[in-house]
Structures are given as C-alpha cells and as structure tokens.
Amino acid sequence: MSSRTGLLGMARQGRLDIIAGLLGLIAAIALLPLQFLLDQVYIRTLPIVLGCASLLYLHAARDERHGEVATLSIGTARILPPLVILGSAALVVIAAASEGRTLLFYDIAAAVGTALLAQILFVDNDYFSPGLMLFQIIVFGLVVRFAALYTTPGFIGIDVWTHMVDWTGKIYEARSLQPISDEKYFASPLYHLLVVGSSLLLDVSIRTALFIVVGVAMPISVLLIYATATFFVEPRWAVFATAAYAISASVIEWGIHLIPTSLGLIFFLAIFYSLDRMLRIDYKPRDFGLVVFFSVAVILTHQISAFIMLVFTGSGLLAYFGLSLGIFDIGRASWERSSTRESVNLTGLLVFDLGLITFMWSLTPYQGGSFLTTILNYFVNTVRDTAGAGNLASSSQNIPPSAMPQQTLMQSIVEYLDVLGFLLLLLLTIVGCLYIIRQENISHATFTCVIATVIMLAFVFGFPMFGIRTFVPGRWYPFVGAPMAVVGAIGLSYLVKNTQPSVMVIVLLLFVVVFPASSILASESTQDQPAFADTQTRYSYTEAELAAVDTIRTYAENKSTNWVTDHPYATVLTRTQAHNMEPGAIQNGQVAGWARDIRYENGTTTTRMVEADTYIYRDYQGSGAAYFKFYYNNSTVSYTPSVSYKQMCGGNKDILFMNSQVTVCNSAGA
C-alpha cells in the first residue's frame, strides 16, 4: 500500500487508524460548541487536544517518511547530565536555605526538567545512555519530593493527618488494629502496618518511617514504567515515558501527600508491569503468581486503588474479546494458542480479584454498615437523585452570575496551568492509540493499554459530566497516567520517525519547555508551598499554626461545636481531634457562620446559615488562597477571598487565644 494514498482512500481500504483519526477530528469539531453550554476547563480544552492529536497522526500517516530531528552537539550532550545533577544539588541548598520550596526552587526545577527531556529527545544515539538518564530521573524525583517533605512541619495534605496522627498513631501505641476496628482501613491496613512496623524496626518516628518507606518508594517506582515501556518501544522512548510520568503533577502530588493512595499506586505500577509482561512473553506460573501477589497487596492497601486495578485487569479481558472479533485481522499463527491461555488466566485473575474485593469490602466497616453496601447505596442514590447530562454538581444554581465572586486573571491562568501538562501527555496518548489500532501494529498487550486508558478516562471525565463522583475521579490521574505515558511514548516514537522534522521540532520543543514547567508549577504538585501564593491553596501548615492546633485541642474540650475557620485549616483541626470545624460562610462581606445543607424527602436541597460563636483567624486567610463559602439565596459556592482580621474577629468579639499567626475569638457572652 502506498504511503501517499489519500486519507479517504486509506479509510475506504479499511485502515482503522485512519477511520478513527477522521472520526476524532469530526468529534473535536462537534464538541467545540459545548464550552458555550458548560463552563469547565476540560470542556474547553479536550476538543482542541483531540483535534490536534488527530491532525498530527493523519498528517504523519498520509505522508509517511523517515524523519530526522536535529540533535544536540557533542559538547552540549556531555554537559547536560552534570548540569542536571548540579541543578538537583542546588535545589537541595535552596530548599534548606529558604526552609521550603520557593518560586526560585520551582523555576530551577523546571529548568532541570527541561534539561532532562532535552537529553531524551535531542541527544544522538551514540551518546544516549538509558542507565544514566534513569539515574538522573530518580535523583531529580527524590529531590523535588523530599525538599517538600522535610521542610514542611507536620504533613502535607488533608487525609494524611487522619492516617498518621489518628489511626497510625493509635496502632503504634496499642500495638494492634483494635483502635481502627470501626474504620474502613481495618480490612485494608497494609499502609498503616508498614509505617508502624518500619517505625519500630528502625527506631524512628512514624513521620520519618512514612518518608523512608513510602516517600522513597514513590519516585523509585517510576522504574516500573520504564520496564513496561521497553516491551513496546526502544529504550529512548521508554526513558521518555518514565520521565513524563515522574514529572507529572499528579504523580508528584502523591509523592508528597503520602497516604494509602500512594502505596496503592506503587502496587498498581507493579501490576501494570507484570500483567503487560505476562501478555508479551511466554510466561511461567511464577509470573502469573506475581500478578496475583500485587493484586492482593492493592486490595489490602486501598479501596479506590483496588477498584482501579480491577478496571485495568478487566481491560485486558475486554482487549482479548475485542481482538477475537476479527476486525483487527490479527492473522498470526501463535495468536489463537497464546491468547486462549491468556484469556483463561485473565478471567481467573478477574474472578479472584472481584471475589476477594467483594469479600473484604463486605467485612469492612463504613458509616454504620459495610463498605460494600454503603458505596453501592451511595452510587444508586447519586444516579437516582443527581445524575444528568451536563450536571457538574455545582451548588451555586440559585446564585445569579452578577452576584457570583468573579474569577481573577491570575486564577484563570492557574486554572489552565494546572491541566496543561496532563493535556500535553494526552495529546501524545491519542496519537499512540491511533497508531496501536493500525492492524499490523496491534497486540494484546498494547490493546490492553488502549482499552484501559479509554475506560479510566471515562471515570475521570465521563461520569463527572453526569454528576456521578462516587468513584472519586481526582484519585485516578496518576493511575491512568501509567498507560498514558507508555502509549504516549509509542505515539511520539511514531511521529518522530514518520513526520517532517520541521513539524516535529516544534512539537518536541513545546513538550521540552512547557511540560516540566506546567507540571512542577501546578497546584497539585505545590501543595506545601504554592508558587502563586494568593491563587493556589497551601495544604501545609506553619509551626505557629500547628501550635495553635494543640492549644485549641486543650481549650475546646467540651465546648460549643459551632466553630468556624477556613478550609483547609478546618480539616487539620478536625482530623487531629482538636475540635469539629466548618469552613466559614461569608454573607454581606462578613464571616457570619457556616453553611449547612438540608435535604428534604422530595430530593430537593437547600442551604441554611448556622450562626457560629467561635472563630479562628490566621494570617494566611488575608494573604493566601484559603477557601470560604460564598452564601447567597440559600446556596453556596467555594471561593478564595482575602479575609481580614476584622471580618473574623472584629467588632465586639472576645479574644480567647493569640500567637504570631493565629487568633481565636468568640462572640461576646458565648
């Protein structure tokens, strides 16, 4: 078949990749008007990404030729590795001197990330060393994450306070799981037991044990991406997949917010590798046993991770059925024999995982019942009461646009910055998917990656479009990022080899310059010290703020429950058992109390203001992006205003406690 045959001609000849590319382009154009109906960043950007990816692939497929991208000079190629190591060392010095990750830290980290990707994409084959590149990726990943972990008092994030201060701390003291017998992690305690066991074995605090065990494992686990990608592409592109995954914002996020999701992700990457290995080689029983072992480890670690693992395993079986239909015209002598064996083992694995998950979740206590029944009831109620096309679950439906808090220019910029890295990787992933479904390229392993990516993205974007968030879509990003990185590497390899160099240089430079900066500066990866302090929310706390938590815990015992502060400070106060807190609600420019949702029997919901008697003000509320509720017409919406001391503790309120950054006050006579 001539490579210069027209696209329509190739489509008429049954080229599935061309047909899919043309349909993707049509779908992108058709989806563009959706942004006028629904205001959401992905709705505005996904059609553009889909259209650009389809055009890139169709351009390469229409006029396939051997591409030769310009390479760096020998001198530059030799100097970049030492620069990456020196840059990583400079990051350590900056973080130590500044007592945290500052804007300068992020700028240099972005430059180091650019130097990494430049080596991968532009160094000549004669000077390209996969081992040296992987070493740089691991060093850089460790520095970026541990600069946050060790310069932050306490922990970073929200859930980690419950896991470490409440549950793990109690397990450590009791030397048993009895303290969490009523919690959902009673049946999935591997994370907590691992931290407690490491703390006892190494004779260190549970905080240090967490950093040593899970914190170190997170950046090293990206080597599993490299091991998986080598099944499908040359080492250069396998290294690219590893770097792209390691630098991704969501992967950095779970490398500093160390909770069971982080450990579950590590085990998922092991399953991703071992299952793809099983689909690629003439494997032995021990290889299949490895998949089963890591499946059990995920189930004993984290419920959401276990469900995602189940989706990925099911994708392997769906890929087998899809290939068996004959539309891809496999026509290989070994296909029928090997695929039958794989399908039997995949079916057995899926049945085993599903059975074990059902059994464990039936025993898991959660909100007065079992985890399984509670989640199923929640899902059914969500579908029945709130699901609907275009339902983005906004709580501001009764607030007119003129009364809504207006988004600033900087907030708009950060909104796009947060998704830019993911969108760039998605563009390459779409190209890779189109290349894989080309009949002569497809295999069970690659098609499994395609099916898994599509299904997992449906959980990330599809279900939330209909108001269904039972599956916690925000937790899926680092998991779907694994097959996306591998498929994206396949797509980029194809583009480089078959696209005009002038076009590819632009694409590669865009990725080299933009991807590291957007990922490292994103809100998810800068939760400890945001790069844009007045726009991105800080999910860590200063020594003074944590000292106030201890004081409030002592004072608030047996006191009134109507306390308010900002989000996320309310969460650390609640999760460390200092006192139950609510994010303050602002009405007529004042923090009037907190907003309470009331659900009626007919399914309607309204919001009422509950008057507070005790207020907690911290300086961050005036200078940072702390969240409050905007209350209007019995509805609320979260936003980040600049709240002054007067708005919280002004007027006739009495001061109960004050340190250098936090003030606790209450209404006179309360």
# chains A, B, ... in the order shown; residues from 1 in each chain; ligands from 1

call {"tool": "residues_around", "arguments": {"residues": "Val505 (chain A)", "least_positions_apart": "5", "cutoff": "9 Å", "atoms": "only C-alpha atoms", "output": "PyMOL selection string"}}
result
chain A and resi 69-70+496+500+510

call {"tool": "residues_around", "arguments": {"residues": "Ser262 (chain A)", "least_positions_apart": "4", "cutoff": "12 Å", "atoms": "only C-alpha atoms", "output": "mmCIF file with N, CA and C atoms, in the first residue's frame"}}
result
data_model
loop_
_atom_site.group_PDB
_atom_site.id
_atom_site.type_symbol
_atom_site.label_atom_id
_atom_site.label_comp_id
_atom_site.auth_asym_id
_atom_site.auth_seq_id
_atom_site.Cartn_x
_atom_site.Cartn_y
_atom_site.Cartn_z
ATOM 1 N N ASP A 159 -5.903 14.160 54.028
ATOM 2 C CA ASP A 159 -6.164 12.828 54.563
ATOM 3 C C ASP A 159 -5.015 12.287 55.403
ATOM 4 N N VAL A 160 -3.795 12.715 55.113
ATOM 5 C CA VAL A 160 -2.631 12.166 55.809
ATOM 6 C C VAL A 160 -2.700 12.410 57.312
ATOM 7 N N TYR A 191 -0.899 -0.243 54.621
ATOM 8 C CA TYR A 191 -0.195 1.042 54.702
ATOM 9 C C TYR A 191 0.165 1.378 56.148
ATOM 10 N N LEU A 210 7.321 6.974 57.584
ATOM 11 C CA LEU A 210 6.498 7.184 56.390
ATOM 12 C C LEU A 210 7.348 7.700 55.235
ATOM 13 N N PHE A 211 8.218 8.669 55.531
ATOM 14 C CA PHE A 211 9.055 9.249 54.487
ATOM 15 C C PHE A 211 10.057 8.226 53.949
ATOM 16 N N VAL A 213 9.880 4.873 53.965
ATOM 17 C CA VAL A 213 9.298 3.716 53.279
ATOM 18 C C VAL A 213 8.500 4.149 52.043
ATOM 19 N N VAL A 214 7.421 4.871 52.242
ATOM 20 C CA VAL A 214 6.558 5.250 51.118
ATOM 21 C C VAL A 214 7.173 6.406 50.326
ATOM 22 N N GLY A 215 7.759 7.375 51.043
ATOM 23 C CA GLY A 215 8.323 8.541 50.371
ATOM 24 C C GLY A 215 9.437 8.193 49.411
ATOM 25 N N VAL A 216 10.311 7.280 49.786
ATOM 26 C CA VAL A 216 11.412 6.863 48.906
ATOM 27 C C VAL A 216 10.894 5.968 47.787
ATOM 28 N N ALA A 217 9.948 5.105 48.105
ATOM 29 C CA ALA A 217 9.452 4.153 47.104
ATOM 30 C C ALA A 217 8.727 4.847 45.954
ATOM 31 N N MET A 218 8.071 5.964 46.237
ATOM 32 C CA MET A 218 7.288 6.633 45.192
ATOM 33 C C MET A 218 8.137 7.063 44.002
ATOM 34 N N PRO A 219 9.210 7.841 44.168
ATOM 35 C CA PRO A 219 9.997 8.233 42.993
ATOM 36 C C PRO A 219 10.768 7.083 42.354
ATOM 37 N N SER A 221 9.615 3.965 42.143
ATOM 38 C CA SER A 221 8.662 3.073 41.471
ATOM 39 C C SER A 221 8.446 3.430 40.008
ATOM 40 N N SER A 250 0.239 15.059 39.025
ATOM 41 C CA SER A 250 -0.496 14.156 39.909
ATOM 42 C C SER A 250 0.422 13.133 40.560
ATOM 43 N N VAL A 251 1.495 12.739 39.866
ATOM 44 C CA VAL A 251 2.441 11.779 40.440
ATOM 45 C C VAL A 251 3.272 12.458 41.524
ATOM 46 N N ILE A 252 3.669 13.694 41.288
ATOM 47 C CA ILE A 252 4.377 14.454 42.333
ATOM 48 C C ILE A 252 3.470 14.654 43.545
ATOM 49 N N GLU A 253 2.192 14.923 43.282
ATOM 50 C CA GLU A 253 1.242 15.155 44.382
ATOM 51 C C GLU A 253 1.213 13.977 45.353
ATOM 52 N N TRP A 254 1.094 12.764 44.817
ATOM 53 C CA TRP A 254 1.011 11.602 45.701
ATOM 54 C C TRP A 254 2.378 11.150 46.172
ATOM 55 N N GLY A 255 3.430 11.870 45.752
ATOM 56 C CA GLY A 255 4.749 11.658 46.314
ATOM 57 C C GLY A 255 5.031 12.555 47.497
ATOM 58 N N ILE A 256 4.182 13.581 47.711
ATOM 59 C CA ILE A 256 4.342 14.445 48.883
ATOM 60 C C ILE A 256 3.145 14.340 49.826
ATOM 61 N N HIS A 257 1.972 14.000 49.289
ATOM 62 C CA HIS A 257 0.804 13.715 50.127
ATOM 63 C C HIS A 257 0.730 12.195 50.263
ATOM 64 N N LEU A 258 1.445 11.669 51.237
ATOM 65 C CA LEU A 258 1.694 10.236 51.340
ATOM 66 C C LEU A 258 0.590 9.552 52.139
ATOM 67 N N ILE A 266 1.910 2.467 43.915
ATOM 68 C CA ILE A 266 3.136 1.689 43.730
ATOM 69 C C ILE A 266 2.802 0.246 43.350
ATOM 70 N N PHE A 267 1.859 -0.354 44.074
ATOM 71 C CA PHE A 267 1.461 -1.726 43.753
ATOM 72 C C PHE A 267 0.778 -1.796 42.384
ATOM 73 N N PHE A 268 0.025 -0.759 42.028
ATOM 74 C CA PHE A 268 -0.627 -0.739 40.714
ATOM 75 C C PHE A 268 0.419 -0.733 39.596
ATOM 76 N N LEU A 269 1.481 0.057 39.759
ATOM 77 C CA LEU A 269 2.540 0.078 38.757
ATOM 78 C C LEU A 269 3.196 -1.296 38.623
ATOM 79 N N VAL A 298 -2.670 -4.654 46.686
ATOM 80 C CA VAL A 298 -3.501 -3.470 46.442
ATOM 81 C C VAL A 298 -4.788 -3.554 47.249
ATOM 82 N N THR A 301 -4.495 -2.590 50.731
ATOM 83 C CA THR A 301 -3.946 -1.255 50.956
ATOM 84 C C THR A 301 -4.984 -0.168 50.822
ATOM 85 N N HIS A 302 -5.796 -0.210 49.753
ATOM 86 C CA HIS A 302 -6.632 0.951 49.445
ATOM 87 C C HIS A 302 -7.801 0.539 48.564
ATOM 88 N N ILE A 304 -10.000 2.391 46.640
ATOM 89 C CA ILE A 304 -10.084 3.003 45.312
ATOM 90 C C ILE A 304 -9.020 2.412 44.398
ATOM 91 N N SER A 305 -7.809 2.248 44.913
ATOM 92 C CA SER A 305 -6.743 1.639 44.120
ATOM 93 C C SER A 305 -7.129 0.225 43.693
ATOM 94 N N ARG A 475 -8.613 10.917 42.153
ATOM 95 C CA ARG A 475 -7.591 9.937 42.543
ATOM 96 C C ARG A 475 -7.096 9.104 41.354
ATOM 97 N N TRP A 476 -7.780 9.197 40.203
ATOM 98 C CA TRP A 476 -7.465 8.326 39.074
ATOM 99 C C TRP A 476 -6.294 8.834 38.229
ATOM 100 N N TYR A 477 -5.946 10.117 38.336
ATOM 101 C CA TYR A 477 -4.971 10.701 37.425
ATOM 102 C C TYR A 477 -3.620 9.989 37.410
ATOM 103 N N PRO A 478 -2.981 9.723 38.560
ATOM 104 C CA PRO A 478 -1.683 9.049 38.494
ATOM 105 C C PRO A 478 -1.783 7.611 38.006
ATOM 106 N N PHE A 479 -2.947 6.985 38.186
ATOM 107 C CA PHE A 479 -3.127 5.609 37.717
ATOM 108 C C PHE A 479 -3.283 5.571 36.199
#

call {"tool": "residues_around", "arguments": {"residues": "Trp167 (chain A)", "least_positions_apart": "4", "cutoff": "9 Å", "atoms": "only C-alpha atoms", "output": "list in words"}}
result
Trp161, Thr162, His163, Ile171, Tyr172, Leu177, Pro179, Ile180, Glu183 and His192 of chain A

call {"tool": "write_last_selection", "arguments": {"atoms": "N, CA, C and O atoms", "output": "PDB file, in the first residue's frame"}}
result
ATOM      1  N   TRP A 161      -3.358  13.480  57.736  1.00  0.00           N
ATOM      2  CA  TRP A 161      -3.455  13.767  59.177  1.00  0.00           C
ATOM      3  C   TRP A 161      -4.288  12.707  59.891  1.00  0.00           C
ATOM      4  O   TRP A 161      -3.972  12.294  61.011  1.00  0.00           O
ATOM      5  N   THR A 162      -5.352  12.257  59.241  1.00  0.00           N
ATOM      6  CA  THR A 162      -6.155  11.190  59.839  1.00  0.00           C
ATOM      7  C   THR A 162      -5.372   9.886  59.869  1.00  0.00           C
ATOM      8  O   THR A 162      -5.353   9.175  60.883  1.00  0.00           O
ATOM      9  N   HIS A 163      -4.715   9.578  58.760  1.00  0.00           N
ATOM     10  CA  HIS A 163      -3.993   8.308  58.658  1.00  0.00           C
ATOM     11  C   HIS A 163      -2.833   8.229  59.643  1.00  0.00           C
ATOM     12  O   HIS A 163      -2.593   7.171  60.244  1.00  0.00           O
ATOM     13  N   ILE A 171      -2.483   2.857  66.412  1.00  0.00           N
ATOM     14  CA  ILE A 171      -1.989   1.491  66.194  1.00  0.00           C
ATOM     15  C   ILE A 171      -0.607   1.323  66.816  1.00  0.00           C
ATOM     16  O   ILE A 171      -0.297   0.303  67.437  1.00  0.00           O
ATOM     17  N   TYR A 172       0.218   2.350  66.657  1.00  0.00           N
ATOM     18  CA  TYR A 172       1.572   2.318  67.219  1.00  0.00           C
ATOM     19  C   TYR A 172       1.519   2.184  68.740  1.00  0.00           C
ATOM     20  O   TYR A 172       2.264   1.393  69.340  1.00  0.00           O
ATOM     21  N   LEU A 177      -4.569  -3.573  65.780  1.00  0.00           N
ATOM     22  CA  LEU A 177      -5.503  -2.870  64.895  1.00  0.00           C
ATOM     23  C   LEU A 177      -6.804  -2.497  65.601  1.00  0.00           C
ATOM     24  O   LEU A 177      -7.693  -1.907  64.972  1.00  0.00           O
ATOM     25  N   PRO A 179      -7.678  -0.115  67.605  1.00  0.00           N
ATOM     26  CA  PRO A 179      -8.126   1.280  67.569  1.00  0.00           C
ATOM     27  C   PRO A 179      -8.831   1.682  66.272  1.00  0.00           C
ATOM     28  O   PRO A 179      -9.564   2.681  66.257  1.00  0.00           O
ATOM     29  N   ILE A 180      -8.636   0.942  65.175  1.00  0.00           N
ATOM     30  CA  ILE A 180      -9.327   1.300  63.922  1.00  0.00           C
ATOM     31  C   ILE A 180     -10.344   0.224  63.540  1.00  0.00           C
ATOM     32  O   ILE A 180     -10.696   0.068  62.369  1.00  0.00           O
ATOM     33  N   GLU A 183     -13.147   1.500  61.497  1.00  0.00           N
ATOM     34  CA  GLU A 183     -12.801   2.292  60.313  1.00  0.00           C
ATOM     35  C   GLU A 183     -12.658   1.386  59.089  1.00  0.00           C
ATOM     36  O   GLU A 183     -12.391   0.189  59.212  1.00  0.00           O
ATOM     37  N   HIS A 192      -0.812   1.267  57.036  1.00  0.00           N
ATOM     38  CA  HIS A 192      -0.597   1.639  58.436  1.00  0.00           C
ATOM     39  C   HIS A 192       0.358   0.669  59.127  1.00  0.00           C
ATOM     40  O   HIS A 192       1.231   1.083  59.910  1.00  0.00           O
TER      41      HIS A 192
END

call {"tool": "closest_residue", "arguments": {"among": "A:Leu91, A:Cys665, A:Ala227, A:Leu202", "to": "Lys653 (chain A)", "atoms": "only C-alpha atoms"}}
result
A:Cys665

call {"tool": "closest_residue", "arguments": {"among": "A:Val637, A:Leu132, A:Met10, A:Leu121", "to": "Ile399 (chain A)", "atoms": "only C-alpha atoms"}}
result
A:Val637

call {"tool": "select_by_dssp", "arguments": {"residues": "region 455-597 of chain A", "states": "alpha helix (DSSP H)", "output": "ChimeraX atom specification"}}
result
/A:455-457,463-465,477-498,501-521,543-555,569-575

call {"tool": "closest_residue", "arguments": {"among": "A:Ser635, A:Thr499, A:Thr565, A:Gln439", "to": "Ile327 (chain A)", "atoms": "only C-alpha atoms"}}
result
A:Gln439

call {"tool": "residues_around", "arguments": {"residues": "Leu521 (chain A)", "least_positions_apart": "4", "cutoff": "7 Å", "atoms": "only C-alpha atoms", "output": "number ranges by chain"}}
result
A: 106, 517, 525-526, 531

call {"tool": "residues_around", "arguments": {"residues": "region 413-421 of chain A", "least_positions_apart": "3", "cutoff": "9 Å", "atoms": "only C-alpha atoms", "output": "list of chain:residue names"}}
result
A:Val41, A:Tyr42, A:Thr45, A:Ser248, A:Ala249, A:Thr408, A:Leu409, A:Met410, A:Leu424, A:Leu425, A:Leu426, A:Phe511, A:Val514, A:Phe515, A:Pro516, A:Ala517, A:Ser518, A:Ser519, A:Leu521, A:Ala522, A:Ser523, A:Glu524, A:Phe532, A:Thr535, A:Gln536

call {"tool": "closest_atom_pairs", "arguments": {"of": "region 225-296 of chain A", "to": "region 343-351 of chain A", "cutoff": "9 Å", "atoms": "only C-alpha atoms", "output": "Markdown table"}}
result
| residue | atom | partner | partner_atom | distance |
| --- | --- | --- | --- | --- |
| A:Phe288 | CA | A:Asn345 | CA | 8.0 |
| A:Val291 | CA | A:Leu349 | CA | 8.4 |
| A:Val292 | CA | A:Leu349 | CA | 7.0 |
| A:Ser295 | CA | A:Leu349 | CA | 8.9 |

call {"tool": "write_last_selection", "arguments": {"atoms": "C-alpha atoms", "output": "compact mmCIF listing (two decimals), in the first residue's frame"}}
result
# COMPACT_ATOMS: atom_id res chain seq x y z
CA PHE A 288 1.24 -15.08 36.92
CA VAL A 291 0.34 -10.51 39.32
CA VAL A 292 -1.82 -12.24 41.92
CA SER A 295 -3.34 -7.68 43.31

call {"tool": "atom_distance", "arguments": {"atom1": "CA of Tyr366 (chain A)", "atom2": "CA of Leu310 (chain A)"}}
result
20.9 Å

call {"tool": "closest_residue", "arguments": {"among": "A:Ser638, A:Thr152, A:Thr446, A:Gln119", "to": "Ile490 (chain A)", "atoms": "only C-alpha atoms"}}
result
A:Thr446

call {"tool": "atom_distance", "arguments": {"atom1": "CA of Ala319 (chain A)", "atom2": "CA of Leu275 (chain A)"}}
result
13.0 Å

call {"tool": "residues_around", "arguments": {"residues": "Ile137 (chain A)", "least_positions_apart": "5", "cutoff": "8 Å", "atoms": "only C-alpha atoms", "output": "PDB file with N, CA, C and O atoms, in the first residue's frame"}}
result
ATOM      1  N   LEU A 116      16.466  17.522  31.358  1.00  0.00           N
ATOM      2  CA  LEU A 116      16.229  16.082  31.298  1.00  0.00           C
ATOM      3  C   LEU A 116      15.569  15.681  29.984  1.00  0.00           C
ATOM      4  O   LEU A 116      16.033  14.776  29.272  1.00  0.00           O
ATOM      5  N   ALA A 243      10.256   9.557  32.310  1.00  0.00           N
ATOM      6  CA  ALA A 243      10.418  10.957  32.699  1.00  0.00           C
ATOM      7  C   ALA A 243       9.089  11.688  32.705  1.00  0.00           C
ATOM      8  O   ALA A 243       8.787  12.452  33.627  1.00  0.00           O
ATOM      9  N   ALA A 246       7.194  10.561  35.772  1.00  0.00           N
ATOM     10  CA  ALA A 246       7.787  11.016  37.032  1.00  0.00           C
ATOM     11  C   ALA A 246       7.563  12.496  37.279  1.00  0.00           C
ATOM     12  O   ALA A 246       7.413  12.932  38.425  1.00  0.00           O
TER      13      ALA A 246
END

call {"tool": "residues_around", "arguments": {"residues": "Ala570 (chain A)", "least_positions_apart": "5", "cutoff": "7 Å", "atoms": "only C-alpha atoms", "output": "ChimeraX atom specification"}}
result
/A:565,581-583

call {"tool": "write_last_selection", "arguments": {"atoms": "N, CA and C atoms", "output": "compact mmCIF listing (two decimals), in the first residue's frame"}}
result
# COMPACT_ATOMS: atom_id res chain seq x y z
N THR A 565 -13.57 28.33 60.67
CA THR A 565 -12.31 28.87 60.20
C THR A 565 -12.30 28.68 58.69
N MET A 581 -14.76 21.30 63.08
CA MET A 581 -14.71 22.63 62.47
C MET A 581 -15.50 22.63 61.17
N GLU A 582 -15.92 23.82 60.75
CA GLU A 582 -16.56 24.01 59.46
C GLU A 582 -15.92 25.19 58.76
N PRO A 583 -15.82 25.15 57.43
CA PRO A 583 -15.35 26.33 56.70
C PRO A 583 -16.35 27.47 56.86
